[in-house]
Each structure stands twice: as structure tokens, then as C-alpha cells.
file upload34.pdb (PDB, C-alpha atoms, pLDDT in the B column)
ATOM      1  CA  MET A   1     -11.694 -45.346   0.772  1.00 36.00           C
ATOM      2  CA  CYS A   2     -11.920 -48.126   3.333  1.00 38.00           C
ATOM      3  CA  SER A   3     -13.347 -51.519   2.607  1.00 39.00           C
ATOM      4  CA  ARG A   4     -15.202 -51.831   5.892  1.00 41.00           C
ATOM      5  CA  LEU A   5     -15.656 -49.470   8.804  1.00 42.00           C
ATOM      6  CA  ALA A   6     -17.327 -50.704  11.956  1.00 43.00           C
ATOM      7  CA  GLY A   7     -17.549 -48.972  15.289  1.00 43.00           C
ATOM      8  CA  TYR A   8     -19.257 -49.686  18.563  1.00 39.00           C
ATOM      9  CA  VAL A   9     -19.450 -47.947  21.923  1.00 35.00           C
ATOM     10  CA  GLU A  10     -18.016 -49.393  25.140  1.00 38.00           C
ATOM     11  CA  GLY A  11     -18.483 -47.001  28.030  1.00 38.00           C
ATOM     12  CA  ILE A  12     -17.119 -43.648  26.897  1.00 43.00           C
ATOM     13  CA  LEU A  13     -14.712 -44.969  24.262  1.00 45.00           C
ATOM     14  CA  THR A  14     -15.445 -46.028  20.721  1.00 58.00           C
ATOM     15  CA  ASP A  15     -13.493 -48.877  19.147  1.00 63.00           C
ATOM     16  CA  VAL A  16     -12.992 -48.438  15.433  1.00 68.00           C
ATOM     17  CA  HIS A  17     -11.900 -51.443  13.415  1.00 64.00           C
ATOM     18  CA  LEU A  18     -10.570 -50.606   9.963  1.00 64.00           C
ATOM     19  CA  SER A  19     -10.269 -53.734   7.959  1.00 57.00           C
ATOM     20  CA  ARG A  20      -7.821 -54.240   5.139  1.00 51.00           C
ATOM     21  CA  GLU A  21      -6.804 -50.770   4.075  1.00 48.00           C
ATOM     22  CA  ARG A  22      -5.034 -51.133   0.769  1.00 53.00           C
ATOM     23  CA  ASN A  23      -4.149 -49.311  -2.345  1.00 53.00           C
ATOM     24  CA  TRP A  24      -5.518 -50.707  -5.563  1.00 51.00           C
ATOM     25  CA  PRO A  25      -2.964 -51.405  -8.264  1.00 50.00           C
ATOM     26  CA  CYS A  26      -1.459 -48.666 -10.320  1.00 48.00           C
ATOM     27  CA  PRO A  27      -3.861 -47.179 -12.865  1.00 46.00           C
ATOM     28  CA  GLU A  28      -1.306 -47.854 -15.620  1.00 43.00           C
ATOM     29  CA  LYS A  29      -2.450 -51.440 -15.634  1.00 43.00           C
ATOM     30  CA  TYR A  30      -5.939 -50.187 -16.368  1.00 37.00           C
ATOM     31  CA  THR A  31      -4.937 -47.927 -19.270  1.00 37.00           C
ATOM     32  CA  ILE A  32      -4.674 -44.603 -17.438  1.00 33.00           C
ATOM     33  CA  PRO A  33      -0.923 -44.069 -17.822  1.00 36.00           C
ATOM     34  CA  THR A  34      -0.823 -40.367 -16.933  1.00 38.00           C
ATOM     35  CA  HIS A  35      -1.621 -40.889 -13.244  1.00 41.00           C
ATOM     36  CA  CYS A  36       1.172 -43.114 -12.136  1.00 42.00           C
ATOM     37  CA  SER A  37       4.725 -44.269 -12.698  1.00 44.00           C
ATOM     38  CA  ILE A  38       6.256 -47.711 -12.321  1.00 44.00           C
ATOM     39  CA  ALA A  39       6.972 -46.798  -8.681  1.00 54.00           C
ATOM     40  CA  CYS A  40       3.223 -47.232  -8.071  1.00 70.00           C
ATOM     41  CA  ASN A  41       3.701 -50.964  -8.183  1.00 76.00           C
ATOM     42  CA  THR A  42       5.963 -51.160  -5.133  1.00 82.00           C
ATOM     43  CA  ALA A  43       4.935 -52.225  -1.644  1.00 84.00           C
ATOM     44  CA  SER A  44       6.393 -48.970  -0.363  1.00 85.00           C
ATOM     45  CA  HIS A  45       4.151 -46.791  -2.538  1.00 83.00           C
ATOM     46  CA  ARG A  46       1.130 -48.952  -1.913  1.00 84.00           C
ATOM     47  CA  SER A  47       1.676 -48.833   1.858  1.00 86.00           C
ATOM     48  CA  LEU A  48       1.790 -45.017   1.756  1.00 86.00           C
ATOM     49  CA  LYS A  49      -1.493 -44.945  -0.135  1.00 84.00           C
ATOM     50  CA  ALA A  50      -3.038 -47.480   2.253  1.00 84.00           C
ATOM     51  CA  LEU A  51      -1.978 -45.311   5.213  1.00 87.00           C
ATOM     52  CA  GLU A  52      -3.499 -42.264   3.500  1.00 85.00           C
ATOM     53  CA  ASN A  53      -6.720 -44.271   3.141  1.00 83.00           C
ATOM     54  CA  LEU A  54      -6.519 -45.191   6.830  1.00 86.00           C
ATOM     55  CA  GLN A  55      -6.085 -41.536   7.776  1.00 88.00           C
ATOM     56  CA  ILE A  56      -9.095 -40.525   5.655  1.00 85.00           C
ATOM     57  CA  ALA A  57     -11.231 -43.318   7.114  1.00 84.00           C
ATOM     58  CA  LEU A  58     -10.376 -42.212  10.662  1.00 87.00           C
ATOM     59  CA  GLU A  59     -11.188 -38.598   9.847  1.00 88.00           C
ATOM     60  CA  THR A  60     -14.690 -39.664   8.747  1.00 86.00           C
ATOM     61  CA  VAL A  61     -15.353 -40.761  12.354  1.00 85.00           C
ATOM     62  CA  ASP A  62     -13.588 -37.727  13.894  1.00 89.00           C
ATOM     63  CA  GLY A  63     -10.438 -39.692  14.641  1.00 89.00           C
ATOM     64  CA  THR A  64      -6.772 -39.262  13.846  1.00 91.00           C
ATOM     65  CA  LEU A  65      -3.794 -41.540  13.429  1.00 92.00           C
ATOM     66  CA  ASP A  66      -2.941 -40.763  17.065  1.00 93.00           C
ATOM     67  CA  ASP A  67      -5.974 -42.899  17.988  1.00 91.00           C
ATOM     68  CA  VAL A  68      -4.502 -46.034  16.380  1.00 92.00           C
ATOM     69  CA  LEU A  69      -3.379 -48.626  18.930  1.00 91.00           C
ATOM     70  CA  LEU A  70      -2.594 -51.585  16.704  1.00 91.00           C
ATOM     71  CA  LEU A  71      -1.690 -52.341  13.094  1.00 92.00           C
ATOM     72  CA  HIS A  72      -1.526 -55.662  11.315  1.00 90.00           C
ATOM     73  CA  ILE A  73       0.444 -55.402   8.095  1.00 91.00           C
ATOM     74  CA  TYR A  74      -0.012 -58.237   5.616  1.00 90.00           C
ATOM     75  CA  ILE A  75       2.742 -58.123   3.006  1.00 91.00           C
ATOM     76  CA  LEU A  76       3.387 -60.510   0.141  1.00 91.00           C
ATOM     77  CA  GLU A  77       6.412 -62.714   0.687  1.00 94.00           C
ATOM     78  CA  SER A  78       7.565 -61.757  -2.799  1.00 91.00           C
ATOM     79  CA  VAL A  79       8.000 -58.101  -1.743  1.00 90.00           C
ATOM     80  CA  ILE A  80       9.056 -58.620   1.878  1.00 90.00           C
ATOM     81  CA  ASP A  81      12.503 -57.249   0.955  1.00 90.00           C
ATOM     82  CA  GLU A  82      10.800 -53.830   0.646  1.00 87.00           C
ATOM     83  CA  SER A  83       9.938 -53.844   4.351  1.00 88.00           C
ATOM     84  CA  THR A  84      12.541 -51.158   5.132  1.00 89.00           C
ATOM     85  CA  GLU A  85      10.800 -48.734   2.775  1.00 87.00           C
ATOM     86  CA  VAL A  86       7.401 -49.672   4.214  1.00 89.00           C
ATOM     87  CA  ARG A  87       8.747 -49.040   7.738  1.00 91.00           C
ATOM     88  CA  ASP A  88      10.010 -45.620   6.615  1.00 90.00           C
ATOM     89  CA  GLY A  89       6.514 -44.865   5.323  1.00 88.00           C
ATOM     90  CA  LEU A  90       5.049 -45.802   8.694  1.00 91.00           C
ATOM     91  CA  ARG A  91       7.384 -43.306  10.331  1.00 92.00           C
ATOM     92  CA  LYS A  92       6.016 -40.548   8.084  1.00 93.00           C
ATOM     93  CA  PHE A  93       2.480 -41.219   9.281  1.00 93.00           C
ATOM     94  CA  PHE A  94       3.412 -42.015  12.890  1.00 94.00           C
ATOM     95  CA  PRO A  95       6.387 -39.709  13.597  1.00 93.00           C
ATOM     96  CA  LYS A  96       6.066 -39.675  17.410  1.00 89.00           C
ATOM     97  CA  ALA A  97       5.535 -43.308  18.244  1.00 86.00           C
ATOM     98  CA  PRO A  98       4.081 -45.925  15.950  1.00 88.00           C
ATOM     99  CA  PRO A  99       1.343 -48.167  17.306  1.00 94.00           C
ATOM    100  CA  ALA A 100       2.036 -51.790  18.138  1.00 94.00           C
ATOM    101  CA  THR A 101       2.516 -53.444  14.768  1.00 94.00           C
ATOM    102  CA  SER A 102       2.545 -57.036  13.570  1.00 94.00           C
ATOM    103  CA  TRP A 103       4.059 -57.837  10.190  1.00 93.00           C
ATOM    104  CA  ILE A 104       2.703 -60.954   8.551  1.00 94.00           C
ATOM    105  CA  GLY A 105       4.346 -62.290   5.387  1.00 94.00           C
ATOM    106  CA  VAL A 106       1.779 -64.089   3.256  1.00 94.00           C
ATOM    107  CA  PRO A 107       1.967 -66.053  -0.009  1.00 96.00           C
ATOM    108  CA  HIS A 108      -1.009 -64.158  -1.485  1.00 91.00           C
ATOM    109  CA  LEU A 109      -3.742 -61.696  -0.582  1.00 86.00           C
ATOM    110  CA  ALA A 110      -7.439 -61.445  -1.459  1.00 83.00           C
ATOM    111  CA  ASN A 111      -6.719 -60.009  -4.900  1.00 81.00           C
ATOM    112  CA  ALA A 112      -3.806 -61.106  -7.075  1.00 82.00           C
ATOM    113  CA  ASP A 113      -2.882 -57.439  -7.669  1.00 80.00           C
ATOM    114  CA  PHE A 114      -2.502 -56.571  -3.970  1.00 83.00           C
ATOM    115  CA  LEU A 115       0.995 -56.300  -2.486  1.00 86.00           C
ATOM    116  CA  ILE A 116       0.116 -55.117   1.021  1.00 87.00           C
ATOM    117  CA  GLU A 117      -2.935 -54.784   3.280  1.00 86.00           C
ATOM    118  CA  ILE A 118      -3.168 -52.965   6.600  1.00 87.00           C
ATOM    119  CA  GLU A 119      -5.670 -53.558   9.407  1.00 86.00           C
ATOM    120  CA  ALA A 120      -5.968 -51.033  12.212  1.00 87.00           C
ATOM    121  CA  LEU A 121      -7.595 -50.823  15.624  1.00 88.00           C
ATOM    122  CA  ALA A 122      -8.230 -47.309  16.908  1.00 88.00           C
ATOM    123  CA  VAL A 123      -9.902 -46.138  20.100  1.00 88.00           C
ATOM    124  CA  LEU A 124     -11.621 -42.757  19.973  1.00 85.00           C
ATOM    125  CA  PRO A 125     -12.244 -40.696  23.114  1.00 78.00           C
TER     126      PRO A 125
END
call {"tool": "encode", "arguments": {"input": "upload34.pdb", "output": "C-alpha cells"}}
result
Amino acid sequence: MCSRLAGYVEGILTDVHLSRERNWPCPEKYTIPTHCSIACNTASHRSLKALENLQIALETVDGTLDDVLLLHIYILESVIDESTEVRDGLRKFFPKAPPATSWIGVPHLANADFLIEIEALAVLP
């Protein structure tokens, strides 16, 4: 699910910081070929799975994607040309109005198999 979930109370609002939502590499690489196709290894697919993870993490603290105020998207420079597909994925999860979003192209991420990581800041009522 999420790598780290931390919340604290300020007045009547709760800030929820979701750090580095990501989708682990396609199971094919780990000898489970029936679960995934080659499309698993695209930034677009991985971003959709990371956003699903974000949604699940928020639900565990009674939040929704509507509570998200800010996203930081870290995307490998080698797959930055897939940003249009990643943006389309964001629109699926945030159809009304996406939160403020920063895109950061990076040469590498914490794990050599990662293509994209997403950080989120949500405020719960």
C-alpha cells in the first residue's frame, strides 16, 4: 500500500502526508507472468497503480482524492516522453479539478526498477 503514512492534527483539520506512492515493477520480472503484460512497465501504467495506492491510503484515514491539495510527481527522465499518458491518468482520478501538481524529472529514483513516484498532501476535514 503506501510506504509511509503520517498525520497530525492542527485545529480541526488533519494534514495527511503520503510519501512516495509508487507501483512496484511488473510481476513478470519476478516470474509471475500471468498477472501482467509488457504494458505494466510503462510510466503510464505505473502512475495509474500509484494513484490507486494513493486512493487506498487515503481511504484508510477516511479521506478521498478530493482531499488532495498537492502532488509532486517524480518521473524518470528516460520516460518523460510518456508524460501525456500520465497526465491522462491523473484526469481519470481527478476528473473535476486536479490538485496543484509539480512534475520533477529525475535521473533515477530510490529503486532502479521505479519509473515514477508520487507524493501527496491532503487535508481532511
call {"tool": "atom_distance", "arguments": {"input": "upload34.pdb", "atom1": "CA of Tyr74 (chain A)", "atom2": "CA of Ile104 (chain A)"}}
result
4.8 Å
call {"tool": "residues_around", "arguments": {"input": "upload34.pdb", "residues": "Leu71 (chain A)", "least_positions_apart": "5", "cutoff": "10 Å", "atoms": "all atoms listed in the file", "output": "list in words"}}
result
Leu18, Pro98, Pro99, Ala100, Thr101, Ser102, Trp103, Ile118, Glu119, Ala120, Leu121 and Ala122 of chain A
call {"tool": "closest_residue", "arguments": {"input": "upload34.pdb", "among": "A:Cys40, A:Glu85, A:Ala112, A:Leu90", "to": "Leu54 (chain A)", "atoms": "all atoms listed in the file"}}
result
A:Leu90
call {"tool": "resolve_selection", "arguments": {"input": "upload34.pdb", "expression": "the PyMOL selection byres ((chain A and resi 64) around 12)", "output": "list in words"}}
result
Val16, Leu51, Glu52, Asn53, Leu54, Gln55, Ile56, Ala57, Leu58, Glu59, Thr60, Val61, Asp62, Gly63, Leu65, Asp66, Asp67, Val68, Leu69, Phe93, Phe94, Ala120, Leu121, Ala122, Val123, Leu124 and Pro125 of chain A
call {"tool": "residues_near_point", "arguments": {"input": "upload34.pdb", "point": "(4.4, -49.3, -1.2)", "cutoff": "9 Å", "atoms": "only C-alpha atoms", "output": "PyMOL selection string"}}
result
chain A and resi 23+39-50+82+85-86+89+115-116
call {"tool": "resolve_selection", "arguments": {"input": "upload34.pdb", "expression": "the PyMOL selection byres ((chain A and resi 78) around 10)", "output": "PyMOL selection string"}}
result
chain A and resi 43+75-77+79-82+105-108+115
